Amino acid sequence: MTDMTTQISAAPQDIINRGTLRERLEEPFMRGGQIGLLLLLALVFFLPVLGTLLTAVRTIPDITQNGAWALPASYEWGNLGRAFVEMLPYLKASVIITLPSVAGTLLVSMMAGYALSRMRFQGRIWMFLVIVSLSFVPIHTQLIPVFRLMSDLGLHDTFAAQIIVHIMRQIPFAVLIMTNFFNTVPGELREAGRIDGASEWTIFRRIYVPVARPALSALIVLEFTWIWNDLLWGLVLTQGAGKKPVTVGILSFEGEYEIAWNMVASGAVVAAIPTLAVFLAFQKHFIRGMTMGSVKG
Amino acid sequence: MNARLTPWLFLMPAIAIYGIFGAYPIFQTFAISLTDQVGVAEPGKFIGLQNYVTLIQDDYFLNALKHTGIWVIAFLIVPNSLAITIALLVKQTFWGASLIKTVFFLPLALSFAIVGVVWGWIYEPDVGLLDQLLIGLGLESLIVEWLGPDAATYSVIAAAAWRQTAFATVVFLAGLSSIPTELIEAAKVDGGTRRQIFFRITLPLLKPASTIAVSSALIHALLATEIVLTMTEGGPFGSSEVVGYRMYMETFWNYKFGYGAAIGVIVTLMTAILVVPYVRRMAKAQERDWS
């Protein structure tokens, strides 16, 4: 189909070399081979997800008798329900940690990005470089003193400690994204606001924040995923079960069920659903955010 | 508002939060690494570079360092070459493009905790997904003890590479999309063969994307803490230990805060060396934008 349409529309441009004779003869085979290879890679790539979904809704005897890849003898949706009920406290904790962290990150980094991008001041490029460099700082250089500081502040095993730390960790990347975005906004907007006598804060809030919506949606999706998926801070800064995020929850869940793989898989599915749903719903924003100049992921 | 003060007022919240909870700790880690602190209760006494001297004679650390080296090499090659292949195939075939892309991007939404748990089930002896798959394909002879002492490091790398490939595919696809089609067409008009076009045009123009993909692979390989923690806890017998995980263990398991801090410093220095080219590129781009 595509071949025919390109041939028709390409008729006046026949001068274009469409490859050597050999290349042209090979074309259909190449295409077939490429599609085949792509499908094979996609299948291999998808197997872990497929296998987990299959395992989650089966019984253990079914798995041991019919093998891990057989279709379920019966669909045990109850596994997922049970996993959900057990994971609920962890899911709740993750929501309480993640949402304020995302909001805080956005607010703080929008302001900083606006200043870096739109204002001329001494030390600006220097400041920008520091922020870019900080986005590479490994968690390992901060774990110990932050752990100590939070204990000293009496914030160990609280949501507040985790929220503050997530905002801190996300600032460099988020400021980078916001700065780069505000760089693309025409400067006349600000000039117009100034002529009207608006203060810097008003210009920022009334003009630049609304304009930033595309960058913000990308940033929200990414930050939500990254903060939700964090494991190390959740381990280090918590003690009891009540304050632990779902990433820690899935590990204790695994420890509890050990070789009951259907339950472990159900737990993994339940724990993955929030970020998976966000990803599937906002894939475009997610990808745009990733390509706005990051090495994270 | 004072015009000179305004920018700093806007920057203040970010600077304050990062300063107190991010930057100050970085300096503290350096300081703690020069002490013999155990636990958080009281500060240790100053012992100079003793922790670092001990480190280079510590067999556990050297073993972890060796595995981190394997991680770096494997991560440079495997996810990036896979991703470039996938990106080219997706770009050229357009076959079910958006669904196929979703399949390849999906692992990005998953935490290392979940990747670790799921791949643990994949590697489970006999009943696990991989052994079952190989048995189904009549390839029993290939089965090894995936998370046993000989293969554990490579198996954990494979699991992490699954996720890293997703990231690199995103980056390379974006890189390919930024190459103007006219350029490729023009090369065809001039009689360029497919191979020439790939090596002379496509590949050089993918350089910015490659910088990102390579830096990201290096950083993830150097740290690799969460996935090791969830899949093997460094075992069996330290056969899958990595430097980042060692730091976590020494600190929060053995409570040797000073010693753990020293490992943290080394990890940070290794990262710093690797990201210099990337930061330089960003700085150049920014100066262009602002001039």
# chains A, B, ... in the order shown; residues from 1 in each chain; ligands from 1

$ interface_residues --of "chain B" --to "chain A" --cutoff "7 Å" --atoms "only C-alpha atoms" --output "PyMOL selection string"
chain B and resi 7+10-11+13-14+17-18+21-22+25-26+28-29+40+86+89+93+95+100+103-104+108-111+113-114+118+127-129+132+167+170-171+174+188-189+191+193+212-213+215-216+226+264-265+268+279+283

$ residues_around --residues "range 257-259 of chain B" --least-positions-apart "3" --cutoff "8 Å" --atoms "only C-alpha atoms" --output "compact mmCIF listing (two decimals) with C-alpha atoms, in the first residue's frame"
# COMPACT_ATOMS: atom_id res chain seq x y z
CA ILE A 144 24.71 9.60 55.32
CA ILE B 32 32.86 12.08 57.52
CA SER B 33 35.02 10.02 55.16
CA LEU B 34 38.05 11.30 57.07
CA THR B 35 36.74 9.96 60.39
CA ASP B 36 36.13 6.55 61.94
CA GLN B 37 32.51 7.35 62.73
CA VAL B 38 30.32 4.36 63.62
CA GLY B 39 26.56 4.89 63.62
CA VAL B 40 24.95 8.31 64.02
CA GLY B 44 34.08 9.75 65.00
CA ASN B 51 39.61 4.88 55.26
CA GLU B 250 28.94 -0.67 54.92
CA THR B 251 26.87 2.30 56.08
CA PHE B 252 23.40 1.07 56.87
CA ALA B 262 34.72 7.13 51.72
CA ILE B 263 33.11 4.77 49.21

$ closest_residue --among "B:Leu147, B:Val156, B:Val267, B:Ala285" --to "Gly116 in chain B" --atoms "only C-alpha atoms"
B:Val156

$ select_by_dssp --residues "range 81-261 of chain B" --states "alpha helix (DSSP H)" --output "PDB file with C-alpha atoms, in the first residue's frame"
ATOM      1  CA  SER B  81      23.632  -0.971  20.393  1.00  0.00           C
ATOM      2  CA  LEU B  82      20.262  -2.619  20.986  1.00  0.00           C
ATOM      3  CA  ALA B  83      18.579   0.774  21.208  1.00  0.00           C
ATOM      4  CA  ILE B  84      20.171   2.112  18.040  1.00  0.00           C
ATOM      5  CA  THR B  85      19.016  -1.022  16.194  1.00  0.00           C
ATOM      6  CA  ILE B  86      15.487  -0.701  17.537  1.00  0.00           C
ATOM      7  CA  ALA B  87      15.332   3.034  16.776  1.00  0.00           C
ATOM      8  CA  LEU B  88      16.475   2.523  13.179  1.00  0.00           C
ATOM      9  CA  LEU B  89      14.026  -0.328  12.656  1.00  0.00           C
ATOM     10  CA  VAL B  90      11.109   1.646  14.096  1.00  0.00           C
ATOM     11  CA  LYS B  91      12.039   4.665  11.976  1.00  0.00           C
ATOM     12  CA  GLN B  92      12.373   2.666   8.774  1.00  0.00           C
ATOM     13  CA  THR B  93       9.433   0.315   8.954  1.00  0.00           C
ATOM     14  CA  ALA B  97       4.864   2.490  15.189  1.00  0.00           C
ATOM     15  CA  SER B  98       3.031   3.790  18.239  1.00  0.00           C
ATOM     16  CA  LEU B  99       2.166   0.384  19.724  1.00  0.00           C
ATOM     17  CA  ILE B 100       5.667  -0.928  19.098  1.00  0.00           C
ATOM     18  CA  LYS B 101       7.163   2.186  20.666  1.00  0.00           C
ATOM     19  CA  THR B 102       4.998   1.746  23.747  1.00  0.00           C
ATOM     20  CA  VAL B 103       6.309  -1.798  24.154  1.00  0.00           C
ATOM     21  CA  PHE B 104       9.919  -0.623  24.025  1.00  0.00           C
ATOM     22  CA  PHE B 105       9.356   2.400  26.280  1.00  0.00           C
ATOM     23  CA  PHE B 112      14.053  -0.893  40.027  1.00  0.00           C
ATOM     24  CA  ALA B 113      12.241  -2.525  42.920  1.00  0.00           C
ATOM     25  CA  ILE B 114       9.671  -3.965  40.516  1.00  0.00           C
ATOM     26  CA  VAL B 115      12.210  -4.793  37.821  1.00  0.00           C
ATOM     27  CA  GLY B 116      14.197  -6.650  40.478  1.00  0.00           C
ATOM     28  CA  VAL B 117      11.210  -8.610  41.756  1.00  0.00           C
ATOM     29  CA  VAL B 118       9.983  -9.504  38.256  1.00  0.00           C
ATOM     30  CA  TRP B 119      13.401 -10.548  37.004  1.00  0.00           C
ATOM     31  CA  GLY B 120      13.913 -12.566  40.151  1.00  0.00           C
ATOM     32  CA  TRP B 121      10.944 -14.646  39.023  1.00  0.00           C
ATOM     33  CA  ILE B 122      12.351 -14.809  35.500  1.00  0.00           C
ATOM     34  CA  TYR B 123      15.621 -16.287  36.815  1.00  0.00           C
ATOM     35  CA  LEU B 129      10.046 -17.828  33.209  1.00  0.00           C
ATOM     36  CA  LEU B 130      13.456 -18.105  31.537  1.00  0.00           C
ATOM     37  CA  ASP B 131      14.088 -21.778  32.305  1.00  0.00           C
ATOM     38  CA  GLN B 132      10.523 -22.585  31.282  1.00  0.00           C
ATOM     39  CA  LEU B 133      10.971 -20.696  28.038  1.00  0.00           C
ATOM     40  CA  LEU B 134      14.220 -22.477  27.205  1.00  0.00           C
ATOM     41  CA  ILE B 135      12.665 -25.858  28.018  1.00  0.00           C
ATOM     42  CA  GLY B 136       9.731 -24.986  25.750  1.00  0.00           C
ATOM     43  CA  ALA B 152      24.671 -13.476  38.943  1.00  0.00           C
ATOM     44  CA  THR B 153      26.430 -10.267  37.887  1.00  0.00           C
ATOM     45  CA  TYR B 154      25.580 -10.811  34.228  1.00  0.00           C
ATOM     46  CA  SER B 155      21.986 -11.742  34.994  1.00  0.00           C
ATOM     47  CA  VAL B 156      21.460  -8.602  37.058  1.00  0.00           C
ATOM     48  CA  ILE B 157      23.077  -6.537  34.293  1.00  0.00           C
ATOM     49  CA  ALA B 158      20.653  -8.078  31.773  1.00  0.00           C
ATOM     50  CA  ALA B 159      17.688  -7.046  33.906  1.00  0.00           C
ATOM     51  CA  ALA B 160      18.973  -3.486  34.264  1.00  0.00           C
ATOM     52  CA  ALA B 161      19.893  -3.373  30.561  1.00  0.00           C
ATOM     53  CA  TRP B 162      16.270  -4.102  29.727  1.00  0.00           C
ATOM     54  CA  ARG B 163      15.332  -0.810  31.363  1.00  0.00           C
ATOM     55  CA  GLN B 164      18.337   1.121  30.085  1.00  0.00           C
ATOM     56  CA  THR B 165      17.581   0.033  26.507  1.00  0.00           C
ATOM     57  CA  ALA B 166      14.175   1.663  26.846  1.00  0.00           C
ATOM     58  CA  PHE B 167      15.780   4.973  27.795  1.00  0.00           C
ATOM     59  CA  ALA B 168      18.398   4.814  25.038  1.00  0.00           C
ATOM     60  CA  THR B 169      15.699   3.975  22.471  1.00  0.00           C
ATOM     61  CA  VAL B 170      13.807   7.137  23.430  1.00  0.00           C
ATOM     62  CA  VAL B 171      16.973   9.185  23.047  1.00  0.00           C
ATOM     63  CA  PHE B 172      18.034   7.667  19.721  1.00  0.00           C
ATOM     64  CA  LEU B 173      14.542   7.917  18.232  1.00  0.00           C
ATOM     65  CA  ALA B 174      14.476  11.606  19.127  1.00  0.00           C
ATOM     66  CA  GLY B 175      17.930  11.955  17.588  1.00  0.00           C
ATOM     67  CA  LEU B 176      16.813  10.273  14.368  1.00  0.00           C
ATOM     68  CA  SER B 177      13.733  12.504  14.152  1.00  0.00           C
ATOM     69  CA  THR B 181      14.755  14.146   5.709  1.00  0.00           C
ATOM     70  CA  GLU B 182      15.947  16.516   2.947  1.00  0.00           C
ATOM     71  CA  LEU B 183      19.483  15.658   3.934  1.00  0.00           C
ATOM     72  CA  ILE B 184      18.916  11.957   3.356  1.00  0.00           C
ATOM     73  CA  GLU B 185      17.043  12.665   0.119  1.00  0.00           C
ATOM     74  CA  ALA B 186      19.838  14.899  -1.115  1.00  0.00           C
ATOM     75  CA  ALA B 187      22.348  12.154  -0.424  1.00  0.00           C
ATOM     76  CA  LYS B 188      20.202   9.748  -2.417  1.00  0.00           C
ATOM     77  CA  VAL B 189      20.085  12.193  -5.337  1.00  0.00           C
ATOM     78  CA  ARG B 194      22.324   2.989   2.000  1.00  0.00           C
ATOM     79  CA  ARG B 195      25.495   2.082   3.841  1.00  0.00           C
ATOM     80  CA  GLN B 196      27.216   5.363   2.941  1.00  0.00           C
ATOM     81  CA  LEU B 203      25.623   8.160  12.548  1.00  0.00           C
ATOM     82  CA  PRO B 204      27.555  11.474  12.792  1.00  0.00           C
ATOM     83  CA  LEU B 205      24.302  13.383  13.268  1.00  0.00           C
ATOM     84  CA  LYS B 207      26.323  12.343  18.129  1.00  0.00           C
ATOM     85  CA  PRO B 208      24.325  14.550  20.549  1.00  0.00           C
ATOM     86  CA  ALA B 209      21.928  11.674  21.198  1.00  0.00           C
ATOM     87  CA  SER B 210      24.879   9.326  21.731  1.00  0.00           C
ATOM     88  CA  THR B 211      26.419  11.659  24.304  1.00  0.00           C
ATOM     89  CA  ILE B 212      23.219  11.529  26.332  1.00  0.00           C
ATOM     90  CA  ALA B 213      22.755   7.769  25.969  1.00  0.00           C
ATOM     91  CA  VAL B 214      26.373   7.036  26.854  1.00  0.00           C
ATOM     92  CA  SER B 215      26.476   9.382  29.869  1.00  0.00           C
ATOM     93  CA  SER B 216      23.266   7.893  31.195  1.00  0.00           C
ATOM     94  CA  ALA B 217      24.529   4.329  30.724  1.00  0.00           C
ATOM     95  CA  LEU B 218      27.781   5.173  32.533  1.00  0.00           C
ATOM     96  CA  ILE B 219      26.041   6.762  35.490  1.00  0.00           C
ATOM     97  CA  HIS B 220      23.560   3.940  35.902  1.00  0.00           C
ATOM     98  CA  ALA B 221      26.311   1.342  35.607  1.00  0.00           C
ATOM     99  CA  LEU B 222      28.497   3.097  38.173  1.00  0.00           C
ATOM    100  CA  LEU B 223      25.749   3.310  40.765  1.00  0.00           C
ATOM    101  CA  THR B 225      22.576   0.094  43.749  1.00  0.00           C
ATOM    102  CA  GLU B 226      18.822  -0.403  43.782  1.00  0.00           C
ATOM    103  CA  ILE B 227      18.693  -3.244  41.266  1.00  0.00           C
ATOM    104  CA  VAL B 228      21.464  -5.203  43.029  1.00  0.00           C
ATOM    105  CA  LEU B 229      19.742  -4.601  46.340  1.00  0.00           C
ATOM    106  CA  THR B 230      16.417  -5.940  45.101  1.00  0.00           C
ATOM    107  CA  MET B 231      17.670  -8.868  43.041  1.00  0.00           C
ATOM    108  CA  VAL B 243      30.554  -0.347  44.541  1.00  0.00           C
ATOM    109  CA  GLY B 244      27.311   1.565  45.061  1.00  0.00           C
ATOM    110  CA  TYR B 245      25.745  -1.334  46.930  1.00  0.00           C
ATOM    111  CA  ARG B 246      28.911  -1.784  49.004  1.00  0.00           C
ATOM    112  CA  MET B 247      28.520   1.802  50.208  1.00  0.00           C
ATOM    113  CA  TYR B 248      24.937   1.129  51.277  1.00  0.00           C
ATOM    114  CA  MET B 249      25.942  -2.078  53.079  1.00  0.00           C
ATOM    115  CA  GLU B 250      28.941  -0.669  54.924  1.00  0.00           C
ATOM    116  CA  THR B 251      26.868   2.297  56.083  1.00  0.00           C
ATOM    117  CA  PHE B 252      23.400   1.066  56.871  1.00  0.00           C
ATOM    118  CA  PHE B 257      29.598   5.584  58.478  1.00  0.00           C
ATOM    119  CA  GLY B 258      33.119   6.878  57.923  1.00  0.00           C
ATOM    120  CA  TYR B 259      34.049   3.955  55.728  1.00  0.00           C
ATOM    121  CA  GLY B 260      30.764   4.129  53.782  1.00  0.00           C
ATOM    122  CA  ALA B 261      31.295   7.859  53.233  1.00  0.00           C
TER     123      ALA B 261
END

$ residues_around --residues "range 91-95 of chain A" --least-positions-apart "4" --cutoff "6 Å" --atoms "only C-alpha atoms" --output "ChimeraX atom specification"
/A:99,243,245-246

$ write_last_selection --atoms "N, CA and C atoms" --output "PDB file, in the first residue's frame"
ATOM      1  N   LEU A  99       2.830  13.258  45.783  1.00  0.00           N
ATOM      2  CA  LEU A  99       2.125  14.448  45.277  1.00  0.00           C
ATOM      3  C   LEU A  99       2.725  15.764  45.782  1.00  0.00           C
ATOM      4  N   LYS A 243       5.278   4.556  57.126  1.00  0.00           N
ATOM      5  CA  LYS A 243       5.848   5.634  56.334  1.00  0.00           C
ATOM      6  C   LYS A 243       6.593   5.132  55.104  1.00  0.00           C
ATOM      7  N   PRO A 245       7.251   3.777  51.376  1.00  0.00           N
ATOM      8  CA  PRO A 245       6.584   3.823  50.072  1.00  0.00           C
ATOM      9  C   PRO A 245       6.412   2.419  49.482  1.00  0.00           C
ATOM     10  N   VAL A 246       5.691   2.341  48.395  1.00  0.00           N
ATOM     11  CA  VAL A 246       5.306   1.053  47.826  1.00  0.00           C
ATOM     12  C   VAL A 246       6.510   0.288  47.264  1.00  0.00           C
TER      13      VAL A 246
END

$ atom_distance --atom1 "CA of Ser135 in chain A" --atom2 "CA of Leu176 in chain A"
8.7 Å
